[in-house]
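Student: Structure file protein.cif (mmCIF, C-alpha atoms) is given on the next line.
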data_upload
#
loop_
_atom_site.label_atom_id
_atom_site.label_comp_id
_atom_site.auth_asym_id
_atom_site.auth_seq_id
_atom_site.Cartn_x
_atom_site.Cartn_y
_atom_site.Cartn_z
CA LEU A 1 66.34 -25.99 -47.23
CA ALA A 2 67.89 -27.10 -43.96
CA GLN A 3 64.88 -29.27 -43.22
CA GLU A 4 64.99 -30.78 -46.71
CA GLY A 5 68.69 -31.52 -46.33
CA SER A 6 68.07 -33.21 -43.00
CA THR A 7 65.34 -35.37 -44.51
CA MET A 8 67.61 -36.42 -47.38
CA LEU A 9 70.33 -37.33 -44.90
CA ARG A 10 67.93 -39.50 -42.91
CA TYR A 11 66.87 -41.32 -46.07
CA ALA A 12 70.51 -41.85 -47.04
CA LEU A 13 71.23 -43.35 -43.62
CA LEU A 14 68.17 -45.55 -43.88
CA ALA A 15 69.39 -46.85 -47.24
CA LEU A 16 72.79 -47.68 -45.75
CA VAL A 17 71.30 -49.62 -42.87
CA ALA A 18 68.86 -51.43 -45.16
CA ALA A 19 71.92 -52.54 -47.13
CA ALA A 20 73.61 -53.59 -43.92
CA ALA A 21 70.54 -55.53 -42.82
CA VAL A 22 70.38 -57.49 -46.05
CA ASP A 23 74.10 -58.13 -45.87
CA ALA A 24 73.72 -59.50 -42.35
CA ALA A 25 71.66 -62.48 -43.53
CA VAL A 26 74.60 -64.69 -44.48
CA PRO A 27 74.93 -68.46 -44.73
CA MET A 28 75.79 -70.21 -41.46
CA SER A 29 79.00 -71.58 -42.94
CA ASN A 30 80.43 -68.06 -42.94
CA PRO A 31 82.30 -67.76 -39.62
CA VAL A 32 81.84 -63.98 -39.38
CA LEU A 33 78.49 -62.18 -39.20
CA ARG A 34 79.33 -58.66 -40.35
CA MET A 35 76.91 -55.78 -40.67
CA ARG A 36 78.79 -54.42 -43.65
CA GLY A 37 81.10 -55.83 -46.27
CA GLY A 38 81.34 -56.37 -49.98
CA GLY A 39 80.88 -59.14 -52.42
CA LYS A 40 78.93 -61.75 -50.50
CA SER A 41 76.01 -63.43 -52.25
CA PHE A 42 73.51 -66.12 -51.38
CA PRO A 43 73.90 -69.74 -52.47
CA LYS A 44 72.26 -70.53 -55.79
CA LEU A 45 68.51 -70.19 -55.43
CA PRO A 46 66.03 -72.74 -56.80
CA ASP A 47 65.13 -72.36 -60.48
CA SER A 48 61.53 -71.56 -59.56
CA VAL A 49 62.61 -68.40 -57.73
CA LYS A 50 62.66 -65.46 -60.13
CA PRO A 51 63.15 -61.69 -59.71
CA GLY A 52 60.04 -59.89 -58.48
CA VAL A 53 57.42 -60.89 -55.93
CA VAL A 54 57.60 -64.60 -55.06
CA THR A 55 54.45 -66.61 -54.24
CA GLY A 56 53.16 -70.17 -54.06
CA LYS A 57 55.55 -73.00 -54.87
CA ALA A 58 58.42 -70.61 -55.59
CA LEU A 59 58.00 -69.12 -52.11
CA LYS A 60 58.04 -72.57 -50.52
CA ASP A 61 61.17 -73.43 -52.54
CA LEU A 62 62.87 -70.22 -51.41
CA LEU A 63 62.15 -70.84 -47.73
CA THR A 64 63.23 -74.47 -48.04
CA ALA A 65 66.53 -73.35 -49.59
CA ALA A 66 67.05 -70.92 -46.71
CA LYS A 67 66.44 -73.66 -44.14
CA GLU A 68 68.69 -76.16 -45.90
CA ASN A 69 71.51 -73.63 -46.30
CA GLY A 70 71.28 -72.19 -42.79
CA TYR A 71 70.31 -68.58 -43.42
CA ALA A 72 67.36 -66.33 -42.67
CA ILE A 73 65.91 -63.80 -45.10
CA PRO A 74 65.77 -60.28 -43.62
CA ALA A 75 62.31 -58.76 -43.21
CA VAL A 76 62.16 -54.97 -43.30
CA ASN A 77 59.12 -52.85 -42.41
CA CYS A 78 58.42 -50.13 -44.97
CA VAL A 79 56.17 -47.08 -44.67
CA THR A 80 56.81 -45.15 -47.90
CA SER A 81 57.75 -45.83 -51.53
CA SER A 82 61.18 -44.38 -50.69
CA SER A 83 61.79 -46.96 -47.97
CA VAL A 84 60.68 -49.71 -50.37
CA ASN A 85 63.17 -48.46 -52.95
CA GLN A 86 66.00 -48.39 -50.41
CA VAL A 87 65.40 -51.99 -49.36
CA LEU A 88 65.24 -53.14 -52.98
CA GLU A 89 68.41 -51.24 -53.84
CA ALA A 90 70.23 -52.88 -50.94
CA ALA A 91 68.97 -56.32 -51.96
CA ALA A 92 70.15 -55.74 -55.52
CA LYS A 93 73.55 -54.53 -54.33
CA TYR A 94 74.13 -57.71 -52.35
CA ASN A 95 72.32 -60.09 -54.72
CA SER A 96 69.99 -61.11 -51.91
CA PRO A 97 66.35 -62.15 -51.57
CA VAL A 98 64.49 -59.87 -49.17
CA MET A 99 61.15 -59.57 -47.41
CA ILE A 100 59.23 -56.29 -47.52
CA GLN A 101 56.46 -56.05 -44.98
CA PHE A 102 53.80 -53.55 -43.97
CA SER A 103 52.52 -53.22 -40.41
CA ASN A 104 49.06 -51.96 -39.57
CA GLY A 105 50.38 -48.54 -38.60
CA GLY A 106 52.77 -48.47 -41.54
CA SER A 107 49.92 -49.29 -43.89
CA GLN A 108 47.86 -46.40 -42.55
CA PHE A 109 50.87 -44.09 -42.94
CA MET A 110 51.32 -45.27 -46.52
CA ALA A 111 47.78 -44.09 -47.36
CA GLY A 112 47.88 -40.98 -45.17
CA LYS A 113 46.84 -40.62 -41.54
CA SER A 114 44.27 -37.92 -42.35
CA LEU A 115 42.03 -40.49 -44.08
CA PRO A 116 39.04 -41.95 -42.22
CA ASN A 117 39.99 -45.24 -40.54
CA PRO A 118 37.02 -46.55 -38.52
CA LYS A 119 37.94 -49.48 -36.28
CA GLU A 120 35.13 -51.60 -37.76
CA THR A 121 36.70 -51.55 -41.23
CA LEU A 122 40.19 -49.95 -40.91
CA ASP A 123 39.74 -48.60 -44.44
CA ALA A 124 42.90 -46.48 -44.50
CA CYS A 125 45.02 -49.39 -43.27
CA VAL A 126 43.62 -51.64 -46.01
CA LEU A 127 44.07 -48.95 -48.66
CA GLY A 128 47.68 -48.25 -47.67
CA ALA A 129 48.65 -51.93 -47.53
CA VAL A 130 47.11 -52.68 -50.92
CA ALA A 131 48.64 -49.54 -52.48
CA GLY A 132 52.04 -50.45 -51.05
CA ALA A 133 51.74 -54.00 -52.33
CA HIS A 134 50.94 -52.82 -55.85
CA TYR A 135 53.89 -50.44 -55.73
CA VAL A 136 56.26 -53.23 -54.68
CA ARG A 137 54.92 -55.43 -57.48
CA ASN A 138 55.41 -52.65 -60.03
CA VAL A 139 59.09 -52.07 -59.21
CA ALA A 140 60.49 -55.25 -57.61
CA LYS A 141 61.24 -57.11 -60.83
CA ALA A 142 63.25 -54.17 -62.14
CA TYR A 143 65.72 -54.57 -59.27
CA GLY A 144 66.40 -58.18 -60.26
CA VAL A 145 65.88 -59.75 -56.82
CA PRO A 146 63.28 -62.12 -55.33
CA VAL A 147 60.92 -60.31 -52.93
CA VAL A 148 58.56 -61.82 -50.36
CA LEU A 149 55.68 -59.35 -49.95
CA HIS A 150 54.26 -59.66 -46.45
CA SER A 151 52.06 -58.01 -43.82
CA ASP A 152 53.24 -57.88 -40.20
CA HIS A 153 51.51 -58.49 -36.83
CA CYS A 154 47.70 -58.60 -36.98
CA ALA A 155 46.02 -58.88 -33.59
CA LYS A 156 42.39 -59.92 -33.21
CA LYS A 157 41.19 -56.31 -33.04
CA LEU A 158 42.87 -55.66 -36.40
CA LEU A 159 41.17 -58.50 -38.30
CA PRO A 160 39.20 -56.02 -40.51
CA TRP A 161 42.60 -54.99 -41.90
CA PHE A 162 43.51 -58.63 -42.54
CA ASP A 163 40.12 -59.29 -44.16
CA GLY A 164 40.51 -56.30 -46.47
CA MET A 165 43.96 -57.39 -47.63
CA LEU A 166 42.77 -60.95 -48.14
CA ALA A 167 39.85 -59.75 -50.26
CA ALA A 168 42.34 -57.85 -52.43
CA ASP A 169 44.47 -61.01 -52.67
CA GLU A 170 41.51 -63.06 -53.86
CA GLU A 171 40.57 -60.46 -56.45
CA TYR A 172 44.17 -60.35 -57.70
CA TYR A 173 44.27 -64.16 -57.85
CA LYS A 174 41.21 -64.27 -60.11
CA LYS A 175 43.01 -62.09 -62.65
CA ASN A 176 46.61 -63.23 -62.28
CA GLY A 177 46.63 -66.74 -60.84
CA GLU A 178 48.54 -65.69 -57.70
CA PRO A 179 47.76 -63.55 -54.63
CA LEU A 180 48.73 -59.88 -54.38
CA PHE A 181 50.75 -60.52 -51.20
CA SER A 182 53.06 -63.51 -50.80
CA SER A 183 51.99 -63.98 -47.20
CA HIS A 184 50.29 -62.46 -44.17
CA MET A 185 50.86 -62.72 -40.43
CA LEU A 186 48.18 -63.40 -37.84
CA ASP A 187 49.27 -62.55 -34.30
CA LEU A 188 46.62 -64.01 -32.00
CA SER A 189 49.14 -64.80 -29.29
CA GLU A 190 47.17 -62.81 -26.70
CA GLU A 191 44.17 -65.12 -27.19
CA PRO A 192 43.77 -68.60 -25.63
CA LEU A 193 45.85 -71.19 -27.46
CA GLN A 194 42.90 -73.10 -28.94
CA GLU A 195 41.27 -69.92 -30.22
CA ASN A 196 44.57 -68.87 -31.76
CA ILE A 197 44.88 -72.22 -33.56
CA ASP A 198 41.23 -72.35 -34.65
CA LEU A 199 41.24 -68.85 -36.14
CA CYS A 200 44.55 -69.48 -37.89
CA LYS A 201 43.18 -72.69 -39.37
CA LYS A 202 40.05 -70.87 -40.54
CA TYR A 203 42.14 -68.29 -42.40
CA MET A 204 44.60 -70.93 -43.62
CA GLU A 205 41.74 -72.73 -45.38
CA ARG A 206 40.92 -69.55 -47.26
CA MET A 207 44.53 -68.63 -48.01
CA ALA A 208 45.50 -72.12 -49.22
CA LYS A 209 43.01 -71.75 -52.07
CA ILE A 210 45.06 -68.88 -53.50
CA ASP A 211 48.54 -70.36 -52.82
CA GLN A 212 49.27 -67.95 -49.98
CA LEU A 213 51.45 -68.51 -46.93
CA LEU A 214 50.35 -67.79 -43.35
CA GLU A 215 52.73 -66.73 -40.60
CA MET A 216 51.27 -67.27 -37.12
CA GLU A 217 52.57 -66.25 -33.71
CA LEU A 218 52.75 -68.61 -30.77
CA GLY A 219 53.69 -67.07 -27.45
CA ILE A 220 54.14 -63.33 -27.01
CA THR A 221 56.98 -61.17 -28.32
CA GLY A 222 57.90 -58.73 -25.57
CA GLY A 223 58.65 -55.02 -25.84
CA GLU A 224 56.70 -52.45 -27.84
CA GLU A 225 56.07 -52.09 -31.56
CA ASP A 226 53.50 -50.28 -33.69
CA GLY A 227 51.42 -49.22 -30.68
CA VAL A 228 51.27 -52.71 -29.12
CA ASN A 229 52.98 -52.77 -25.71
CA ASN A 230 54.00 -56.14 -24.24
CA GLU A 231 56.67 -54.82 -21.89
CA HIS A 232 54.94 -56.22 -18.80
CA VAL A 233 53.69 -59.61 -19.97
CA ASP A 234 54.15 -62.77 -17.92
CA ASN A 235 57.64 -64.13 -18.58
CA ALA A 236 56.31 -67.67 -19.14
CA SER A 237 54.29 -66.50 -22.16
CA MET A 238 57.53 -65.47 -23.90
CA TYR A 239 58.70 -69.09 -24.28
CA SER A 240 56.74 -71.54 -26.46
CA GLN A 241 56.52 -75.22 -25.58
CA PRO A 242 57.19 -78.07 -28.06
CA ASP A 243 53.69 -79.50 -27.62
CA GLU A 244 52.11 -76.11 -28.40
CA ILE A 245 54.13 -75.91 -31.59
CA TRP A 246 53.10 -79.46 -32.49
CA GLN A 247 49.42 -78.55 -32.01
CA VAL A 248 49.83 -75.74 -34.54
CA VAL A 249 51.67 -77.95 -37.04
CA LYS A 250 49.04 -80.69 -36.71
CA ALA A 251 46.10 -78.33 -37.20
CA LEU A 252 47.49 -76.31 -40.12
CA SER A 253 49.01 -79.31 -41.89
CA ALA A 254 45.51 -80.81 -42.06
CA VAL A 255 44.53 -78.01 -44.48
CA LYS A 256 45.03 -79.06 -48.10
CA ASN A 257 47.87 -77.18 -49.83
CA SER A 258 48.69 -75.23 -46.65
CA MET A 259 51.91 -73.24 -46.35
CA PHE A 260 52.79 -71.72 -42.99
CA THR A 261 55.56 -70.48 -40.75
CA ILE A 262 55.55 -70.20 -36.97
CA ALA A 263 56.83 -67.22 -35.01
CA ALA A 264 57.40 -69.26 -31.86
CA ALA A 265 58.47 -67.29 -28.80
CA PHE A 266 61.91 -68.04 -27.38
CA GLY A 267 62.36 -64.88 -25.31
CA ASN A 268 62.10 -62.47 -28.25
CA VAL A 269 61.60 -58.78 -27.53
CA HIS A 270 60.84 -55.92 -29.91
CA GLY A 271 63.41 -53.16 -29.61
CA VAL A 272 67.08 -53.10 -28.58
CA TYR A 273 68.01 -53.62 -24.93
CA LYS A 274 71.13 -53.72 -22.79
CA ALA A 275 72.92 -57.08 -22.97
CA GLY A 276 71.53 -59.51 -20.41
CA ASN A 277 68.12 -57.87 -20.10
CA VAL A 278 66.71 -60.14 -22.80
CA VAL A 279 67.22 -63.90 -22.40
CA LEU A 280 66.93 -65.60 -25.78
CA ARG A 281 66.65 -69.39 -25.72
CA PRO A 282 66.79 -70.54 -29.36
CA GLU A 283 67.42 -74.09 -28.15
CA ILE A 284 63.63 -74.14 -27.64
CA LEU A 285 63.30 -74.22 -31.43
CA GLY A 286 65.67 -77.17 -31.71
CA ASN A 287 63.74 -79.08 -29.05
CA ALA A 288 60.50 -78.35 -30.89
CA GLN A 289 61.95 -79.56 -34.21
CA ALA A 290 62.91 -82.87 -32.61
CA TYR A 291 59.49 -83.20 -30.96
CA VAL A 292 57.56 -82.45 -34.16
CA LYS A 293 59.80 -84.78 -36.16
CA ASP A 294 58.99 -87.57 -33.72
CA GLN A 295 55.25 -86.85 -33.82
CA LEU A 296 55.23 -86.81 -37.63
CA LYS A 297 57.53 -89.85 -37.86
CA SER A 298 59.39 -87.71 -40.37
CA LYS A 299 62.83 -88.30 -41.86
CA GLU A 300 63.37 -84.54 -41.99
CA ASP A 301 65.33 -83.16 -39.03
CA LYS A 302 63.76 -79.69 -39.24
CA PRO A 303 60.16 -80.03 -40.42
CA VAL A 304 59.08 -76.59 -39.10
CA PHE A 305 59.75 -73.18 -40.69
CA PHE A 306 60.43 -70.75 -37.84
CA VAL A 307 60.42 -66.93 -37.77
CA PHE A 308 62.64 -64.77 -35.54
CA HIS A 309 60.80 -61.68 -34.27
CA GLY A 310 62.62 -58.94 -32.39
CA GLY A 311 65.90 -59.75 -34.11
CA SER A 312 67.46 -56.29 -33.66
CA GLY A 313 70.40 -56.24 -31.27
CA SER A 314 70.46 -60.00 -30.70
CA GLU A 315 73.71 -61.75 -29.77
CA LYS A 316 75.65 -63.40 -32.57
CA ASP A 317 75.66 -66.86 -30.98
CA LYS A 318 71.89 -66.73 -30.41
CA ILE A 319 71.30 -65.80 -34.03
CA GLU A 320 73.54 -68.64 -35.22
CA LEU A 321 71.72 -71.20 -33.07
CA ALA A 322 68.33 -69.90 -34.23
CA LEU A 323 69.44 -70.35 -37.85
CA LYS A 324 70.68 -73.85 -37.10
CA ASN A 325 67.28 -74.68 -35.61
CA GLY A 326 65.23 -73.70 -38.65
CA VAL A 327 64.70 -69.92 -38.60
CA ILE A 328 64.19 -68.71 -42.19
CA LYS A 329 62.94 -65.15 -41.59
CA MET A 330 64.35 -62.51 -39.26
CA ASN A 331 62.69 -59.18 -38.48
CA ILE A 332 65.09 -56.26 -37.95
CA ASP A 333 62.82 -53.22 -37.77
CA THR A 334 64.28 -51.46 -34.73
CA ASP A 335 67.91 -51.48 -35.89
CA ILE A 336 66.82 -49.69 -39.05
CA GLN A 337 64.64 -47.18 -37.18
CA TRP A 338 67.51 -46.27 -34.85
CA ALA A 339 69.88 -45.64 -37.75
CA ALA A 340 67.28 -43.47 -39.48
CA TRP A 341 66.80 -41.40 -36.31
CA ASP A 342 70.56 -41.03 -35.87
#
If you convert what's in this file into structure tokens, what do you get?
Tutor:
Amino acid sequence: LAQEGSTMLRYALLALVAAAAVDAAVPMSNPVLRMRGGGKSFPKLPDSVKPGVVTGKALKDLLTAAKENGYAIPAVNCVTSSSVNQVLEAAAKYNSPVMIQFSNGGSQFMAGKSLPNPKETLDACVLGAVAGAHYVRNVAKAYGVPVVLHSDHCAKKLLPWFDGMLAADEEYYKKNGEPLFSSHMLDLSEEPLQENIDLCKKYMERMAKIDQLLEMELGITGGEEDGVNNEHVDNASMYSQPDEIWQVVKALSAVKNSMFTIAAAFGNVHGVYKAGNVVLRPEILGNAQAYVKDQLKSKEDKPVFFVFHGGSGSEKDKIELALKNGVIKMNIDTDIQWAAWD
């Protein structure tokens, strides 16, 4: 009974922090970024954005609204149906869109770590991700909030997991006219730049056919997450350059009907660290926006959709500048894990 009570308490704490995380994603015009508080709601969302899982044009409209209104949608990693419910309950409480995402390890946990999971196919990871996605789809609409259903970091060695999810997306599309997941992330940042771009473009061509968004990583996010340790990477690799970002935009924009976001590195680190140990430079994103705008000869000041990885514990002013420079998604996994452990 004591153990059961402890587990229930942890889940209750997790629910509170999930609520806090959703509440933290406020419009830039609000002068105070509070972790808790009542009554705030997002600006009116586009008419195409409905309760439930959002895909295709509605997803693009949602992300465009976030960029235009200066806020990022919180992305929360889930590993059980209970954690999914807690995130959805928090989103409903604060009338907020939210992103639910499954990592490779979280997907395996969702299915059960006793299941066979050979590295050539990663069957348990695929099974858990697909099962989790179907669960989110079955309950999300009932909570009355828009949900972006996403998979997190996928390194080159994990591509069998990505391939399995994408096959499930294509099968779902045949029956329902939309993919199972809203989007997936490819993290090939440890590979040479051209290989990263070429593989992303290859998958983008396949995903564009089913109205699915690709998130790609450019530059390495430091720290450790989900068994991937980048605590000792070269510091230069943690800061993306404008021309690198332009190369990605140019390549992926050439794919018909492509939708993509870029997790460009600006000093991001997974985990929470003592102030000063992590040097975030979100001005890099602003410089890149100006550079890409010039290359495209675009009238739009912020043509790129950026993603903020390693958002937990970041300074308020750095978050605000990142939002100003086109960040529309912010990952906050570690803050939620710490609260659950506490």
Student: Could you please determine the separation between atom CA of A:Leu321 and atom CA of A:Asn287 in Å, to one decimal place?
Tutor: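 Straight-line distance from atom CA of A:Leu321 to atom CA of A:Asn287 works out to 11.9 Å.
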Student: For atom CA of A:Asn138 and atom CA of A:Phe181, determine how far apart the two atoms are, in Å to one decimal place.
Tutor: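 It comes out at 12.7 Å.
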Student: Go through A:Ala92, A:Ile210, A:Leu199, A:Leu296 one by one, measure the shortest atom-to-atom distance of each to A:Glu171 using only C-alpha atoms, and give the residue with the smallest value.
Tutor: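 Checking each of A:Ala92, A:Ile210, A:Leu199, A:Leu296 against A:Glu171, counting only C-alpha atoms, the winner is A:Ile210.
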Student: Spell out the residues picked by the PyMOL selection byres ((chain A and resi 104) around 8) here, as a VMD selection string.
Tutor: chain A and resid 102 to 103 105 to 108 125 129 151 to 154 158 161 226
Student: I'd like to see the residues matched by the PyMOL selection byres ((chain A and resi 149) around 9) on this file, and ideally I'd get them as a list in words.
Tutor: Val53, Val54, Thr55, Val98, Met99, Ile100, Gln101, Phe102, Ala133, Val136, Arg137, Val147, Val148, His150, Ser151, Leu180, Phe181, Ser182, Ser183 and His184 of chain A
Student: Deliver the residues from the most recent selection as a file, using C-alpha atoms, as a PDB file, in the frame of the given file.
Tutor:
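Dumped everything to part_22.pdb:
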ATOM      1  CA  VAL A  53      57.420 -60.890 -55.930  1.00  0.00           C
ATOM      2  CA  VAL A  54      57.600 -64.600 -55.060  1.00  0.00           C
ATOM      3  CA  THR A  55      54.450 -66.610 -54.240  1.00  0.00           C
ATOM      4  CA  VAL A  98      64.490 -59.870 -49.170  1.00  0.00           C
ATOM      5  CA  MET A  99      61.150 -59.570 -47.410  1.00  0.00           C
ATOM      6  CA  ILE A 100      59.230 -56.290 -47.520  1.00  0.00           C
ATOM      7  CA  GLN A 101      56.460 -56.050 -44.980  1.00  0.00           C
ATOM      8  CA  PHE A 102      53.800 -53.550 -43.970  1.00  0.00           C
ATOM      9  CA  ALA A 133      51.740 -54.000 -52.330  1.00  0.00           C
ATOM     10  CA  VAL A 136      56.260 -53.230 -54.680  1.00  0.00           C
ATOM     11  CA  ARG A 137      54.920 -55.430 -57.480  1.00  0.00           C
ATOM     12  CA  VAL A 147      60.920 -60.310 -52.930  1.00  0.00           C
ATOM     13  CA  VAL A 148      58.560 -61.820 -50.360  1.00  0.00           C
ATOM     14  CA  HIS A 150      54.260 -59.660 -46.450  1.00  0.00           C
ATOM     15  CA  SER A 151      52.060 -58.010 -43.820  1.00  0.00           C
ATOM     16  CA  LEU A 180      48.730 -59.880 -54.380  1.00  0.00           C
ATOM     17  CA  PHE A 181      50.750 -60.520 -51.200  1.00  0.00           C
ATOM     18  CA  SER A 182      53.060 -63.510 -50.800  1.00  0.00           C
ATOM     19  CA  SER A 183      51.990 -63.980 -47.200  1.00  0.00           C
ATOM     20  CA  HIS A 184      50.290 -62.460 -44.170  1.00  0.00           C
TER      21      HIS A 184
END
Student: Excluding stretch 326-334 of chain A and any residue of its chain fewer than 5 positions from it, enumerate the residues within 10 Å of it, using all atoms listed in the file, and give them as a VMD selection string.
Tutor: chain A and resid 18 21 to 22 25 62 to 78 98 to 99 101 152 225 261 to 264 270 to 272 282 285 to 286 289 301 to 314 319 to 321 339 to 340
Student: For the atom pair atom CA of A:Lys324 and atom CA of A:Leu188, what is the interatomic distance in Å to one decimal place?
Tutor: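 Taking atom CA of A:Lys324 as the start and atom CA of A:Leu188 as the end point, the length is 26.5 Å.
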Student: A:Phe266, A:Tyr143, A:Tyr173, A:Phe260: which is nearest A:Leu213, counting only C-alpha atoms?
Tutor: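 Of all the options, A:Phe260 lies closest to A:Leu213.
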Student: Between A:Glu190, A:Asp211, A:Glu244, A:Glu89, which is the closest to A:Leu166 once you count all atoms listed in the file?
Tutor: A:Asp211
Student: Between A:Leu280, A:Met259, A:Leu214, A:Ala142, single out the one closest to A:Asp61, counting only C-alpha atoms.
Tutor: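 Nearest candidate to A:Asp61 out of A:Leu280, A:Met259, A:Leu214, A:Ala142: A:Met259.
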Student: Would you write out, as JSON, numbers by chain, every residue that the PyMOL selection byres ((chain A and resi 164) around 10) captures in this file?
Tutor: {"A": [121, 122, 123, 125, 126, 127, 129, 130, 159, 160, 161, 162, 163, 165, 166, 167, 168, 169]}
Student: Tell me which of A:Ala140, A:Ala111, A:Ala131, A:Ala124 sits closest to A:Leu88, counting only C-alpha atoms.
Tutor: A:Ala140
Student: Identify which of the residues A:Ala322, A:Ala90, A:Ala208, A:Leu193 lies closest to A:Val248, counting all atoms listed in the file when measuring atom-to-atom distances.
Tutor: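 Between A:Ala322, A:Ala90, A:Ala208, A:Leu193, the residue approaching A:Val248 most closely is A:Leu193.
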